[in-house]
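The structure appears below as structure tokens.
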Amino acid sequence: MDMKKLNSDIASAFAKLDIEAKATQLSQLESEAANPDFWQNVEQAQSISKQIAKLKSKVEPWLELRRKTDETSELLALNDDSMKTEIEAELLKLNSQYGKLEASLMLNGPYDDYDAVLSVHAGTGGTDAMDWAQMLERMYLRFAENSKWKATVIDEAAGNEAGIKSATIGISGDNVYGKLRGECGVHRLVRLSPFNADSLRQTSFALVEVVPDIDQPDEVEIDDKDLRIDVFRSGGKGGQSVNTTDSAVRITHIPTNIVISVQNERSQMQNKATAMKILRGKLAQLQVEQHAENVSQLKGPDQKAAWGNQIRNYVLHPYTLVKDSRSGYETTDVNSVLDGQLEQLIDAYLRHRIGQ
């Protein structure tokens, strides 16, 4: 890559990522943070501080890269042969730096820099499917750990004999939603069943959902009349009582028929707040997918965790293979993938999406 092309690519990235506008916003927020009264409203101050940190991580690397390329361009313009080796070495460094930042071009969706709420639901396959759902839950928890993200199990429903019926995990870190949203869909497992006396080959399905974690209610306006809220007694593994109050909350968004249940917290108010946050994320995601201007135009999702809908296949028998049906990426190292090594699968999907 020559300097002319590098400068052109950087200019294109600045426009695509709206770096100049973000830099202006960062400067304004930093001015607010410098105000002596900034911490009088702690909640607002924490929110602004979080915005500053996110904007810095997006803006500063690109500004630094442009500064260095401008300096190198000026040296090139001098046409000094004695500096040729030094300039070539610097150009290699700049190309490498651009390559590392290029990934951010794949994460420029409206919610890609948000935290995320990931849910796993057992599908067709009985006990094997419930076990498969728990394997996926472990896979994503390991991936979050490998990525230095914070992951918290918000809700979990145990399976009848083994595994889980469903689990919901809150994940926070850098560009969590942008990196994980490609995991949405049906995941298919083929293996020798550990729950079958004859060890027959079994195909199991699980549905993974990923939505942006939207804390601010005004980001997604939901009409109260569109909600049905039910409260019920929480139940833990095995069905035993977790507490003596009806603290679990089930919220149904009537127009889309989206149902969110949360029972992890002992407080009904906390469970309701968590359920509403997940609902806002699902509706925001649907708005982007359906290109709707407002929530009232949305249609409910309709995807079953069954044959024909899978986005990824995991085969443990008669051979080992993980293959993503969208990007075409495949690997025979199934154990590493199930142990949370998802970076190459995610990167392949992001590049596939950009290519589309």
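Ordered as shown in the structure tokens, chains take letters A, B, and onward, while each chain numbers its residues from 1 and ligands are numbered from 1 in the order shown.
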Pick out the residues sitting within 8 Å of region 28-33 of chain A, and hand them over as a PDB file with N, CA and C atoms, in the first residue's frame; count only C-alpha atoms, and ignore anything fewer than 2 positions along from it in its own chain.
ATOM      1  N   THR A  24     -15.741  16.182  17.953  1.00  0.00           N
ATOM      2  CA  THR A  24     -16.402  17.391  18.465  1.00  0.00           C
ATOM      3  C   THR A  24     -17.256  17.056  19.684  1.00  0.00           C
ATOM      4  N   GLN A  25     -18.002  15.954  19.597  1.00  0.00           N
ATOM      5  CA  GLN A  25     -18.827  15.516  20.724  1.00  0.00           C
ATOM      6  C   GLN A  25     -17.964  15.200  21.944  1.00  0.00           C
ATOM      7  N   LEU A  26     -16.828  14.547  21.713  1.00  0.00           N
ATOM      8  CA  LEU A  26     -15.910  14.217  22.808  1.00  0.00           C
ATOM      9  C   LEU A  26     -15.408  15.475  23.489  1.00  0.00           C
ATOM     10  N   ASN A  35     -16.319  20.773  34.481  1.00  0.00           N
ATOM     11  CA  ASN A  35     -17.108  21.692  35.300  1.00  0.00           C
ATOM     12  C   ASN A  35     -17.026  21.299  36.776  1.00  0.00           C
ATOM     13  N   PHE A  38     -19.735  19.042  38.159  1.00  0.00           N
ATOM     14  CA  PHE A  38     -20.020  17.867  37.336  1.00  0.00           C
ATOM     15  C   PHE A  38     -20.545  16.681  38.149  1.00  0.00           C
ATOM     16  N   ALA A  45     -23.273  12.034  35.779  1.00  0.00           N
ATOM     17  CA  ALA A  45     -21.820  12.126  35.631  1.00  0.00           C
ATOM     18  C   ALA A  45     -21.238  10.781  35.204  1.00  0.00           C
ATOM     19  N   ILE A  48     -22.029  10.245  31.504  1.00  0.00           N
ATOM     20  CA  ILE A  48     -21.173  11.056  30.638  1.00  0.00           C
ATOM     21  C   ILE A  48     -19.746  10.507  30.619  1.00  0.00           C
ATOM     22  N   SER A  49     -19.261  10.076  31.779  1.00  0.00           N
ATOM     23  CA  SER A  49     -17.908   9.506  31.851  1.00  0.00           C
ATOM     24  C   SER A  49     -17.799   8.263  30.981  1.00  0.00           C
ATOM     25  N   ILE A  52     -17.611   9.360  27.392  1.00  0.00           N
ATOM     26  CA  ILE A  52     -16.269   9.881  27.094  1.00  0.00           C
ATOM     27  C   ILE A  52     -15.295   8.742  26.818  1.00  0.00           C
TER      28      ILE A  52
END
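If you count only C-alpha atoms and ignore residues fewer than 6 places along the chain from Ala23 (chain A), what sits within 9 Å of it is Leu55, Lys56, Val59, Glu60 and Leu63 of chain A.
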- Item | Close residues, Arg142 (chain A) itself excluded, 12 Å, only C-alpha atoms, min 4 positions apart in chain, as a ChimeraX atom specification | /A:135-138,146-152,171,336-343
- Pick from A:His187, A:Lys22, A:Lys93, A:His317 nearest to Ser199 (chain A), counting only C-alpha atoms: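 Using only C-alpha atoms, Ser199 (chain A) sits closest to A:His317.
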- Task: For each of A:Tyr314, A:Glu90, A:Asp333, A:Ser261, take the minimum atom-to-atom distance to Lys68 (chain A), counting only C-alpha atoms, then give the residue where this is smallest.
- Result: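 Result for the nearest residue to Lys68 (chain A): A:Glu90.
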- Message: So that I can see what lies close to region 211-228 of chain A, please list as a PyMOL selection string the residues with an atom at most 6 Å from it, counting only C-alpha atoms and leaving out residues fewer than 3 positions away in the same chain.
- Response: chain A and resi 114-117+177+251-254+277+280-282
Output the selection as a PDB file, in the first residue's frame - C-alpha atoms for each residue.
ATOM      1  CA  TYR A 114     -23.262  -1.138  23.145  1.00  0.00           C
ATOM      2  CA  ASP A 115     -23.111  -3.852  25.754  1.00  0.00           C
ATOM      3  CA  ALA A 116     -25.352  -6.837  24.993  1.00  0.00           C
ATOM      4  CA  VAL A 117     -27.825  -9.292  26.450  1.00  0.00           C
ATOM      5  CA  TYR A 177     -23.091  -6.152  20.615  1.00  0.00           C
ATOM      6  CA  ILE A 251     -43.516  -8.757  30.305  1.00  0.00           C
ATOM      7  CA  THR A 252     -45.367  -9.324  27.030  1.00  0.00           C
ATOM      8  CA  HIS A 253     -45.112  -6.756  24.238  1.00  0.00           C
ATOM      9  CA  ILE A 254     -48.548  -7.284  22.717  1.00  0.00           C
ATOM     10  CA  LYS A 277     -34.012  -3.333  29.310  1.00  0.00           C
ATOM     11  CA  ARG A 280     -35.944  -2.335  24.598  1.00  0.00           C
ATOM     12  CA  GLY A 281     -32.949  -4.137  23.104  1.00  0.00           C
ATOM     13  CA  LYS A 282     -35.139  -6.596  21.182  1.00  0.00           C
TER      14      LYS A 282
END
